[in-house]
$ cat start_16.txt   # compact mmCIF, C-alpha atoms
# COMPACT_ATOMS: atom_id res chain seq x y z
CA MET O 153 124.37 108.84 58.22
CA ARG O 154 121.28 107.04 59.41
CA PHE O 155 119.62 107.48 62.79
CA ALA O 156 118.31 104.27 64.31
CA PRO O 157 115.29 104.63 66.63
CA THR O 158 117.66 104.34 69.60
CA SER O 159 119.73 107.22 68.25
CA LEU O 160 116.65 109.38 67.76
CA GLY O 161 115.69 108.75 71.36
CA LEU O 162 119.10 109.87 72.51
CA LEU O 163 118.90 112.92 70.28
CA ALA O 164 115.64 113.84 71.95
CA VAL O 165 117.25 113.41 75.37
CA ALA O 166 120.14 115.62 74.30
CA ALA O 167 117.80 118.29 72.95
CA ALA O 168 115.70 118.25 76.10
CA ALA O 169 118.77 118.49 78.30
CA LEU O 170 120.14 121.39 76.27
CA ALA O 171 116.78 123.14 76.46
CA ALA O 172 116.78 122.68 80.22
CA ALA O 173 120.29 124.09 80.46
CA HIS O 174 119.25 127.06 78.34
CA ALA O 175 116.18 127.69 80.46
CA LEU O 176 118.27 127.67 83.63
CA SER O 177 120.92 130.00 82.26
CA ALA O 178 119.01 132.41 80.04
CA GLU O 179 115.46 132.71 81.40
CA PRO O 180 114.83 136.38 82.15
CA PRO O 181 114.13 137.03 85.83
CA ALA O 182 110.54 137.66 86.84
CA ALA O 183 109.60 141.35 86.63
CA ALA O 184 110.36 143.16 89.89
CA ALA O 185 107.10 145.13 89.61
CA THR O 186 103.82 143.34 88.97
CA PHE O 187 100.35 144.87 88.67
CA ASP O 188 96.78 143.65 88.91
CA ALA O 189 94.02 144.22 86.35
CA GLU O 190 93.12 147.55 87.98
CA GLY O 191 96.71 148.80 87.62
CA ARG O 192 97.45 148.46 91.33
CA MET O 193 100.99 147.38 92.14
CA LEU O 194 101.37 144.11 94.03
CA PHE O 195 103.51 144.23 97.16
CA PRO O 196 107.12 143.33 96.25
CA ALA O 197 107.30 140.50 98.76
CA ASP O 198 110.97 139.59 98.32
CA TYR O 199 112.50 143.07 98.38
CA ARG O 200 114.59 142.26 101.47
CA GLU O 201 116.53 139.84 99.25
CA TRP O 202 117.29 142.57 96.69
CA ILE O 203 120.40 144.76 96.63
CA PHE O 204 120.77 147.14 99.58
CA LEU O 205 121.72 150.68 98.55
CA SER O 206 121.95 152.53 101.87
CA ALA O 207 120.28 153.38 105.15
CA GLY O 208 119.63 156.72 106.78
CA ARG O 209 118.05 157.83 110.01
CA GLY O 210 115.34 160.41 110.56
CA MET O 211 115.93 161.85 107.09
CA SER O 212 113.62 164.76 106.38
CA TYR O 213 113.39 167.32 103.59
CA ALA O 214 111.33 169.60 105.82
CA PRO O 215 112.29 171.19 109.14
CA VAL O 216 112.01 168.80 112.09
CA ALA O 217 111.93 169.38 115.83
CA ALA O 218 115.45 169.17 117.21
CA ASP O 219 114.33 166.84 119.97
CA GLN O 220 112.55 164.31 117.71
CA PRO O 221 112.39 161.16 119.86
CA ALA O 222 113.72 157.90 118.37
CA PRO O 223 113.54 158.83 114.68
CA PRO O 224 112.99 155.88 112.33
CA PHE O 225 115.54 154.38 109.98
CA ASP O 226 115.08 154.14 106.24
CA ASN O 227 116.56 151.28 104.21
CA VAL O 228 116.69 151.44 100.40
CA PHE O 229 116.78 148.39 98.13
CA VAL O 230 116.80 147.95 94.34
CA ASP O 231 115.98 144.88 92.28
CA PRO O 232 119.11 142.95 91.23
CA ALA O 233 118.68 143.36 87.45
CA ALA O 234 118.40 147.16 87.75
CA TYR O 235 121.41 147.21 90.08
CA ARG O 236 123.54 145.33 87.56
CA ALA O 237 122.44 147.71 84.80
CA PHE O 238 123.33 150.73 86.96
CA VAL O 239 126.78 149.34 87.78
CA GLU O 240 127.40 148.96 84.04
CA HIS O 241 125.80 152.13 82.66
CA GLY O 242 125.19 154.51 85.58
CA SER O 243 121.49 154.70 84.69
CA TRP O 244 118.22 152.91 85.42
CA PRO O 245 116.54 150.68 82.81
CA ASP O 246 112.80 150.28 82.39
CA GLY O 247 111.63 147.78 85.00
CA THR O 248 113.69 149.34 87.80
CA VAL O 249 112.07 149.11 91.23
CA LEU O 250 113.46 150.99 94.25
CA VAL O 251 112.02 150.23 97.68
CA LEU O 252 112.24 152.60 100.65
CA GLU O 253 111.52 150.73 103.87
CA ILE O 254 110.83 152.73 107.05
CA ARG O 255 111.60 150.87 110.28
CA GLY O 256 111.55 151.99 113.87
CA GLY O 257 114.75 152.72 115.77
CA THR O 258 115.52 152.29 119.44
CA SER O 259 118.45 152.99 121.71
CA HIS O 260 117.34 150.50 124.34
CA GLY O 261 118.12 146.82 124.00
CA SER O 262 120.57 144.06 124.73
CA ILE O 263 123.93 145.38 125.87
CA LEU O 264 123.76 148.64 123.95
CA GLN O 265 125.17 151.68 125.76
CA GLY O 266 125.18 154.09 122.85
CA GLY O 267 123.64 154.51 119.45
CA SER O 268 120.53 152.90 118.03
CA PHE O 269 119.37 149.93 115.99
CA GLN O 270 116.34 148.89 113.98
CA THR O 271 113.53 146.91 115.53
CA GLY O 272 110.08 145.54 114.82
CA ASP O 273 108.06 145.35 111.63
CA PRO O 274 108.32 147.98 108.88
CA LEU O 275 106.33 151.16 109.53
CA GLY O 276 105.77 151.56 105.80
CA VAL O 277 107.14 150.74 102.38
CA GLU O 278 107.34 153.26 99.53
CA VAL O 279 108.14 152.09 96.01
CA HIS O 280 109.48 153.95 92.98
CA VAL O 281 108.99 152.17 89.64
CA LYS O 282 110.32 153.03 86.17
CA ASP O 283 108.11 151.71 83.37
CA THR O 284 107.92 154.15 80.48
CA ALA O 285 105.35 152.17 78.51
CA ARG O 286 103.01 151.95 81.51
CA PHE O 287 103.39 155.40 83.05
CA GLY O 288 104.51 157.62 80.14
CA GLY O 289 106.37 160.89 80.75
CA ASP O 290 109.68 160.32 82.50
CA GLY O 291 108.60 156.73 83.16
CA TRP O 292 108.53 156.89 86.96
CA ALA O 293 105.67 156.37 89.42
CA PHE O 294 105.39 156.11 93.21
CA PHE O 295 103.35 153.62 95.23
CA GLY O 296 102.91 153.60 99.01
CA PHE O 297 102.23 150.37 100.93
CA GLY O 298 100.95 150.40 104.50
CA GLY O 299 100.70 146.61 104.63
CA LYS O 300 100.96 143.98 101.94
CA ASP O 301 97.79 144.81 99.98
CA PRO O 302 98.08 146.08 96.39
CA ALA O 303 98.63 149.85 96.20
CA THR O 304 97.26 152.43 93.82
CA MET O 305 99.68 154.85 92.19
CA ILE O 306 100.36 158.05 94.13
CA PRO O 307 98.85 160.89 92.01
CA ARG O 308 101.23 163.00 89.95
CA ALA O 309 100.27 166.12 91.89
CA ALA O 310 101.91 164.73 95.03
CA SER O 311 105.01 166.59 96.13
CA CYS O 312 107.29 163.56 95.79
CA TYR O 313 107.25 163.84 91.98
CA ALA O 314 108.24 167.52 91.83
CA CYS O 315 110.85 167.07 94.54
CA HIS O 316 112.48 164.11 92.81
CA GLU O 317 112.42 165.98 89.50
CA ALA O 318 114.16 169.02 90.98
CA ASN O 319 116.66 167.56 93.42
CA THR O 320 117.89 164.09 92.48
CA ALA O 321 121.37 163.25 91.24
CA VAL O 322 120.42 160.66 88.60
CA ASP O 323 117.13 160.26 86.69
CA ARG O 324 114.65 161.11 89.50
CA THR O 325 116.57 159.08 92.12
CA PHE O 326 118.55 160.34 95.12
CA VAL O 327 121.80 158.65 94.11
CA GLN O 328 123.61 161.30 96.19
CA PHE O 329 122.44 159.28 99.24
CA TYR O 330 123.74 155.92 97.87
CA PRO O 331 127.50 155.94 98.46
CA THR O 332 128.34 152.94 96.27
CA LEU O 333 126.38 154.28 93.27
CA LEU O 334 127.42 157.95 93.31
CA PRO O 335 130.99 157.27 92.07
CA ILE O 336 129.60 155.07 89.27
CA ALA O 337 127.26 157.83 88.08
CA ARG O 338 130.11 160.34 88.20
CA ALA O 339 132.35 158.05 86.13
CA ARG O 340 129.57 157.36 83.60
CA GLY O 341 128.61 161.04 83.30
CA THR O 342 124.98 160.45 84.28
CA LEU O 343 124.68 163.01 87.09
CA THR O 344 121.96 165.61 86.48
CA ALA O 345 122.83 169.21 85.68
CA ALA O 346 120.83 170.29 88.74
CA PHE O 347 122.90 168.06 91.02
CA LEU O 348 126.21 169.22 89.54
CA ALA O 349 125.18 172.89 89.85
CA ARG O 350 124.21 172.41 93.51
CA GLU O 351 127.47 170.55 94.18
CA SER O 352 129.48 173.39 92.61
CA ALA O 353 127.62 176.00 94.63
CA GLU O 354 128.15 174.09 97.89
CA SER O 355 131.81 173.57 97.11
CA ALA O 356 132.28 177.29 96.37
CA ALA O 357 130.46 178.23 99.59
CA ALA O 358 132.68 175.85 101.59
CA THR O 359 135.92 177.39 100.28
CA ARG O 360 134.79 181.01 100.53
CA MET A 234 120.81 96.17 72.46
CA ARG A 235 123.87 97.33 70.58
CA PHE A 236 125.10 100.91 70.33
CA ALA A 237 126.44 101.90 66.94
CA PRO A 238 129.26 104.49 66.95
CA THR A 239 126.72 107.17 65.99
CA SER A 240 124.57 106.27 68.97
CA LEU A 241 127.54 106.43 71.30
CA GLY A 242 128.29 109.90 70.00
CA LEU A 243 124.75 111.02 70.71
CA LEU A 244 124.92 109.43 74.14
CA ALA A 245 128.00 111.51 74.85
CA VAL A 246 126.17 114.64 73.69
CA ALA A 247 123.21 113.80 75.91
CA ALA A 248 125.48 113.12 78.88
CA ALA A 249 127.36 116.38 78.35
CA ALA A 250 124.15 118.36 78.03
CA LEU A 251 122.74 116.77 81.16
CA ALA A 252 125.96 117.52 83.00
CA ALA A 253 125.75 121.15 81.88
CA ALA A 254 122.15 121.37 83.05
CA HIS A 255 123.12 119.85 86.36
CA ALA A 256 126.04 122.23 86.77
CA LEU A 257 123.77 125.23 86.19
CA SER A 258 121.09 124.07 88.58
CA ALA A 259 123.01 122.32 91.33
CA GLU A 260 126.57 123.64 91.38
CA PRO A 261 127.27 124.83 94.91
CA PRO A 262 127.99 128.56 94.99
CA ALA A 263 131.57 129.65 95.44
CA ALA A 264 132.55 129.74 99.11
CA ALA A 265 131.76 133.11 100.67
CA ALA A 266 135.02 132.97 102.65
CA THR A 267 138.31 132.22 100.92
CA PHE A 268 141.78 132.02 102.47
CA ASP A 269 145.34 132.21 101.23
CA ALA A 270 148.10 129.67 101.98
CA GLU A 271 148.99 131.52 105.21
CA GLY A 272 145.40 131.25 106.48
CA ARG A 273 144.66 134.92 105.91
CA MET A 274 141.12 135.65 104.75
CA LEU A 275 140.74 137.32 101.38
CA PHE A 276 138.59 140.46 101.26
CA PRO A 277 134.99 139.47 100.43
CA ALA A 278 134.82 141.79 97.43
CA ASP A 279 131.15 141.29 96.55
CA TYR A 280 129.60 141.58 100.02
CA ARG A 281 127.50 144.59 99.00
CA GLU A 282 125.58 142.20 96.72
CA TRP A 283 124.82 139.82 99.62
CA ILE A 284 121.71 139.91 101.81
CA PHE A 285 121.33 143.02 103.99
CA LEU A 286 120.37 142.21 107.59
CA SER A 287 120.13 145.64 109.21
CA ALA A 288 121.79 148.98 109.84
CA GLY A 289 122.43 150.83 113.07
CA ARG A 290 124.00 154.14 113.97
CA GLY A 291 126.70 154.86 116.51
CA MET A 292 126.12 151.48 118.16
CA SER A 293 128.42 150.96 121.12
CA TYR A 294 128.67 148.34 123.85
CA ALA A 295 130.72 150.73 125.99
CA PRO A 296 129.72 154.14 127.35
CA VAL A 297 130.02 156.93 124.77
CA ALA A 298 130.08 160.68 125.12
CA ALA A 299 126.54 162.06 124.82
CA ASP A 300 127.68 164.66 122.31
CA GLN A 301 129.46 162.26 119.95
CA PRO A 302 129.61 164.21 116.66
CA ALA A 303 128.32 162.49 113.48
CA PRO A 304 128.50 158.87 114.66
CA PRO A 305 129.06 156.34 111.87
CA PHE A 306 126.50 153.89 110.53
CA ASP A 307 126.98 150.14 110.54
CA ASN A 308 125.50 147.92 107.81
CA VAL A 309 125.40 144.13 108.23
CA PHE A 310 125.31 141.66 105.34
CA VAL A 311 125.31 137.85 105.16
CA ASP A 312 126.15 135.59 102.22
CA PRO A 313 123.01 134.41 100.36
CA ALA A 314 123.46 130.67 101.03
CA ALA A 315 123.73 131.22 104.79
CA TYR A 316 120.71 133.55 104.69
CA ARG A 317 118.58 130.90 102.97
CA ALA A 318 119.69 128.31 105.53
CA PHE A 319 118.78 130.66 108.39
CA VAL A 320 115.34 131.37 106.94
CA GLU A 321 114.73 127.60 106.81
CA HIS A 322 116.33 126.45 110.07
CA GLY A 323 116.95 129.53 112.26
CA SER A 324 120.63 128.65 112.51
CA TRP A 325 123.89 129.27 110.70
CA PRO A 326 125.59 126.54 108.63
CA ASP A 327 129.33 126.09 108.26
CA GLY A 328 130.51 128.51 105.61
CA THR A 329 128.43 131.42 106.97
CA VAL A 330 130.04 134.84 106.52
CA LEU A 331 128.63 137.97 108.19
CA VAL A 332 130.07 141.35 107.21
CA LEU A 333 129.84 144.47 109.38
CA GLU A 334 130.56 147.56 107.30
CA ILE A 335 131.24 150.86 109.09
CA ARG A 336 130.47 153.96 107.03
CA GLY A 337 130.50 157.62 107.91
CA GLY A 338 127.30 159.55 108.51
CA THR A 339 126.53 163.17 107.83
CA SER A 340 123.58 165.50 108.39
CA HIS A 341 124.69 167.95 105.74
CA GLY A 342 123.95 167.41 102.08
CA SER A 343 121.50 167.91 99.26
CA ILE A 344 118.12 169.13 100.50
CA LEU A 345 118.29 167.42 103.88
CA GLN A 346 116.87 169.44 106.79
CA GLY A 347 116.85 166.68 109.39
CA GLY A 348 118.40 163.32 110.04
CA SER A 349 121.51 161.82 108.51
CA PHE A 350 122.68 159.59 105.69
CA GLN A 351 125.72 157.52 104.79
CA THR A 352 128.53 158.94 102.71
CA GLY A 353 131.98 158.14 101.40
CA ASP A 354 134.01 154.95 101.42
CA PRO A 355 133.75 152.38 104.22
CA LEU A 356 135.73 153.24 107.35
CA GLY A 357 136.30 149.56 108.01
CA VAL A 358 134.94 146.08 107.41
CA GLU A 359 134.74 143.40 110.11
CA VAL A 360 133.95 139.81 109.19
CA HIS A 361 132.61 136.90 111.24
CA VAL A 362 133.12 133.46 109.70
CA LYS A 363 131.80 130.05 110.76
CA ASP A 364 134.02 127.18 109.63
CA THR A 365 134.21 124.46 112.25
CA ALA A 366 136.80 122.36 110.41
CA ARG A 367 139.12 125.35 110.00
CA PHE A 368 138.71 127.11 113.34
CA GLY A 369 137.61 124.35 115.76
CA GLY A 370 135.74 125.15 118.97
CA ASP A 371 132.41 126.87 118.27
CA GLY A 372 133.52 127.29 114.64
CA TRP A 373 133.56 131.10 114.57
CA ALA A 374 136.42 133.52 113.89
CA PHE A 375 136.71 137.29 113.38
CA PHE A 376 138.74 139.14 110.76
CA GLY A 377 139.18 142.90 110.49
CA PHE A 378 139.84 144.60 107.15
CA GLY A 379 141.12 148.17 106.95
CA GLY A 380 141.37 148.07 103.16
CA LYS A 381 141.13 145.20 100.70
CA ASP A 382 144.29 143.32 101.67
CA PRO A 383 144.02 139.82 103.17
CA ALA A 384 143.46 139.88 106.94
CA THR A 385 144.84 137.67 109.68
CA MET A 386 142.41 136.19 112.19
CA ILE A 387 141.72 138.33 115.26
CA PRO A 388 143.23 136.42 118.23
CA ARG A 389 140.85 134.49 120.46
CA ALA A 390 141.80 136.63 123.45
CA ALA A 391 140.15 139.67 121.84
CA SER A 392 137.05 140.89 123.63
CA CYS A 393 134.78 140.33 120.62
CA TYR A 394 134.83 136.56 121.16
CA ALA A 395 133.84 136.64 124.84
CA CYS A 396 131.21 139.32 124.22
CA HIS A 397 129.59 137.40 121.36
CA GLU A 398 129.67 134.21 123.45
CA ALA A 399 127.92 135.88 126.40
CA ASN A 400 125.41 138.21 124.77
CA THR A 401 124.20 137.05 121.37
CA ALA A 402 120.70 135.75 120.61
CA VAL A 403 121.67 132.95 118.20
CA ASP A 404 124.96 131.03 117.93
CA ARG A 405 127.44 133.89 118.60
CA THR A 406 125.51 136.36 116.40
CA PHE A 407 123.53 139.44 117.46
CA VAL A 408 120.28 138.31 115.83
CA GLN A 409 118.46 140.57 118.34
CA PHE A 410 119.63 143.47 116.13
CA TYR A 411 118.33 141.89 112.86
CA PRO A 412 114.58 142.48 112.84
CA THR A 413 113.75 140.09 109.97
CA LEU A 414 115.72 137.19 111.52
CA LEU A 415 114.67 137.45 115.18
CA PRO A 416 111.09 136.16 114.57
CA ILE A 417 112.50 133.23 112.57
CA ALA A 418 114.84 132.23 115.40
CA ARG A 419 111.99 132.50 117.89
CA ALA A 420 109.74 130.29 115.74
CA ARG A 421 112.54 127.73 115.23
CA GLY A 422 113.50 127.67 118.90
CA THR A 423 117.13 128.60 118.26
CA LEU A 424 117.40 131.58 120.63
CA THR A 425 120.12 131.15 123.26
CA ALA A 426 119.24 130.59 126.92
CA ALA A 427 121.22 133.71 127.79
CA PHE A 428 119.17 135.84 125.43
CA LEU A 429 115.86 134.42 126.68
CA ALA A 430 116.86 134.97 130.31
CA ARG A 431 117.82 138.60 129.60
CA GLU A 432 114.58 139.14 127.69
CA SER A 433 112.54 137.74 130.63
CA ALA A 434 114.38 139.94 133.10
CA GLU A 435 113.86 143.07 130.98
CA SER A 436 110.20 142.24 130.50
CA ALA A 437 109.74 141.76 134.26
CA ALA A 438 111.52 145.04 134.98
CA ALA A 439 109.32 146.88 132.46
CA THR A 440 106.07 145.64 134.07
CA ARG A 441 107.17 146.10 137.69

$ encode --input "start_16.txt" --output "structure tokens"
Amino acid sequence: MRFAPTSLGLLAVAAAALAAAHALSAEPPAAAATFDAEGRMLFPADYREWIFLSAGRGMSYAPVAADQPAPPFDNVFVDPAAYRAFVEHGSWPDGTVLVLEIRGGTSHGSILQGGSFQTGDPLGVEVHVKDTARFGGDGWAFFGFGGKDPATMIPRAASCYACHEANTAVDRTFVQFYPTLLPIARARGTLTAAFLARESAESAAATR
Amino acid sequence: MRFAPTSLGLLAVAAAALAAAHALSAEPPAAAATFDAEGRMLFPADYREWIFLSAGRGMSYAPVAADQPAPPFDNVFVDPAAYRAFVEHGSWPDGTVLVLEIRGGTSHGSILQGGSFQTGDPLGVEVHVKDTARFGGDGWAFFGFGGKDPATMIPRAASCYACHEANTAVDRTFVQFYPTLLPIARARGTLTAAFLARESAESAAATR
């Protein structure tokens, strides 16, 4: 078989088109967490288009005044690639980024006669990143953003690390507060021993 | 110019590869709302992977008892194509699907000492669909899902239609409760006259 110049041109077109198709289908997504030369994390600008895990209101791990006025909401998002991995395996891959967004709540607006809704700009954004090569240890690090400037890592001595190590249901993350993920972790057997022990103790106390 | 059989074969390869590339880049996404032969809407199974708009708690447009125990949360999602259109234009295209998910809230669990989080399976899923060709009029229809079975359209006499017509900030939707969308609608000039009039009245009352 002999390729005429015309045929070679078509072959090149075919190869280019196939390469384009491959690029569109197989290109890995951009990393959810990006860092500058000083190791500061860049603000994850598109997190509101990630996968929503759950929302809570006024959640506190320390005692709070009973009459706390208008407590804020918290919304939790995870990057889509990590979400898909969790749905499949019940665990978080390196590259996982979880975002906790704090937003004000109000009971006054529109035609509302009861309850509360979210309003205004975020009050803060806290980020939890798993990158074993970058951070070592269990792979996780926290970053706190007040605005959209790059953030330095929260030091390991901060209480968030010890609390997440002691109390989370799956790999340093509070999956017990994410109702669509908890059944997946249970099915995949990835719940921590500490979570299962606490669950057993609470169940025994409830039936006593 | 004459195409030899070999050249024609390569042309077919090139055309197929280009078609594949086009399909990957430009294929419209599957419709967010699908219906059976009887006009019932099929359950939108993947709505938790759509774009989260906001969450509220115990929201009610009618008076509620002050001591309502453990009010549920509501989470609102929109299909990604409609979200992108809204970000660009401040309005909803035909094919838009909004999902209101009701989920139970609890203040008791894990290490929580204040506030509340979502737990368990959804208590219900309400859907708002814009499809002018299918529904006529303003194009919107409501569907209520108790489980995952197909749902018949909620009749037009139901109060939800009149309430959304009278009180919503953008095209029958409560964009005033979606803090990332409200500024977009304001910038695009798509807020309803009714919403703007109410906002002016409330602002005047607040400064009086």

$ closest_residue --input "start_16.txt" --among "O:Ser262, O:Gly191, O:Thr186, O:Ala234" --to "Thr304 in chain O" --atoms "all atoms listed in the file"
O:Gly191

$ atom_distance --input "start_16.txt" --atom1 "CA of Leu252 in chain O" --atom2 "CA of Arg200 in chain O"
10.6 Å

$ atom_distance --input "start_16.txt" --atom1 "CA of Phe195 in chain O" --atom2 "CA of Pro274 in chain O"
13.2 Å

$ atom_distance --input "start_16.txt" --atom1 "CA of Met292 in chain A" --atom2 "CA of Gly208 in chain O"
14.1 Å

$ residues_near_point --input "start_16.txt" --point "(123.9, 164.2, 100.4)" --cutoff "12 Å" --atoms "all atoms listed in the file" --output "number ranges by chain"
O: 206, 208, 211-213, 319-321, 326-331, 334, 347, 350-351, 354; A: 337-353

$ residues_around --input "start_16.txt" --residues "Tyr313 in chain O" --least-positions-apart "6" --cutoff "10 Å" --atoms "all atoms listed in the file" --output "ChimeraX atom specification"
/O:292-294,306-307,324

$ axis_aligned_box --input "start_16.txt" --around "range 202-209 of chain O" --padding-each-side "3 Å" --output "JSON"
{"center_x": 119.6, "center_y": 150.2, "center_z": 103.3, "size_x": 10.7, "size_y": 21.3, "size_z": 19.4}

$ residues_near_point --input "start_16.txt" --point "(142.1, 149.2, 111.0)" --cutoff "9 Å" --atoms "all atoms listed in the file" --output "PyMOL selection string"
chain A and resi 356-358+377-380

$ closest_residue --input "start_16.txt" --among "A:Ala366, A:Ala270, A:Val311, A:Ala263" --to "chain O" --atoms "only C-alpha atoms"
A:Val311

$ closest_residue --input "start_16.txt" --among "O:Val228, O:Val279, O:Ala337, O:Ala237" --to "chain A" --atoms "all atoms listed in the file"
O:Val228

$ residues_around --input "start_16.txt" --residues "Lys381 in chain A" --least-positions-apart "5" --cutoff "9 Å" --atoms "only C-alpha atoms" --output "ChimeraX atom specification"
/A:275-278

$ closest_residue --input "start_16.txt" --among "A:Phe268, A:Phe310, A:Phe319, A:Phe285" --to "Ala420 in chain A" --atoms "all atoms listed in the file"
A:Phe319

$ closest_residue --input "start_16.txt" --among "A:Glu334, A:Glu321, A:Asp404, A:Glu271" --to "Ile417 in chain A" --atoms "all atoms listed in the file"
A:Glu321

$ closest_residue --input "start_16.txt" --among "O:Ala303, O:Leu348, O:Met193, O:Val249" --to "chain A" --atoms "all atoms listed in the file"
O:Leu348
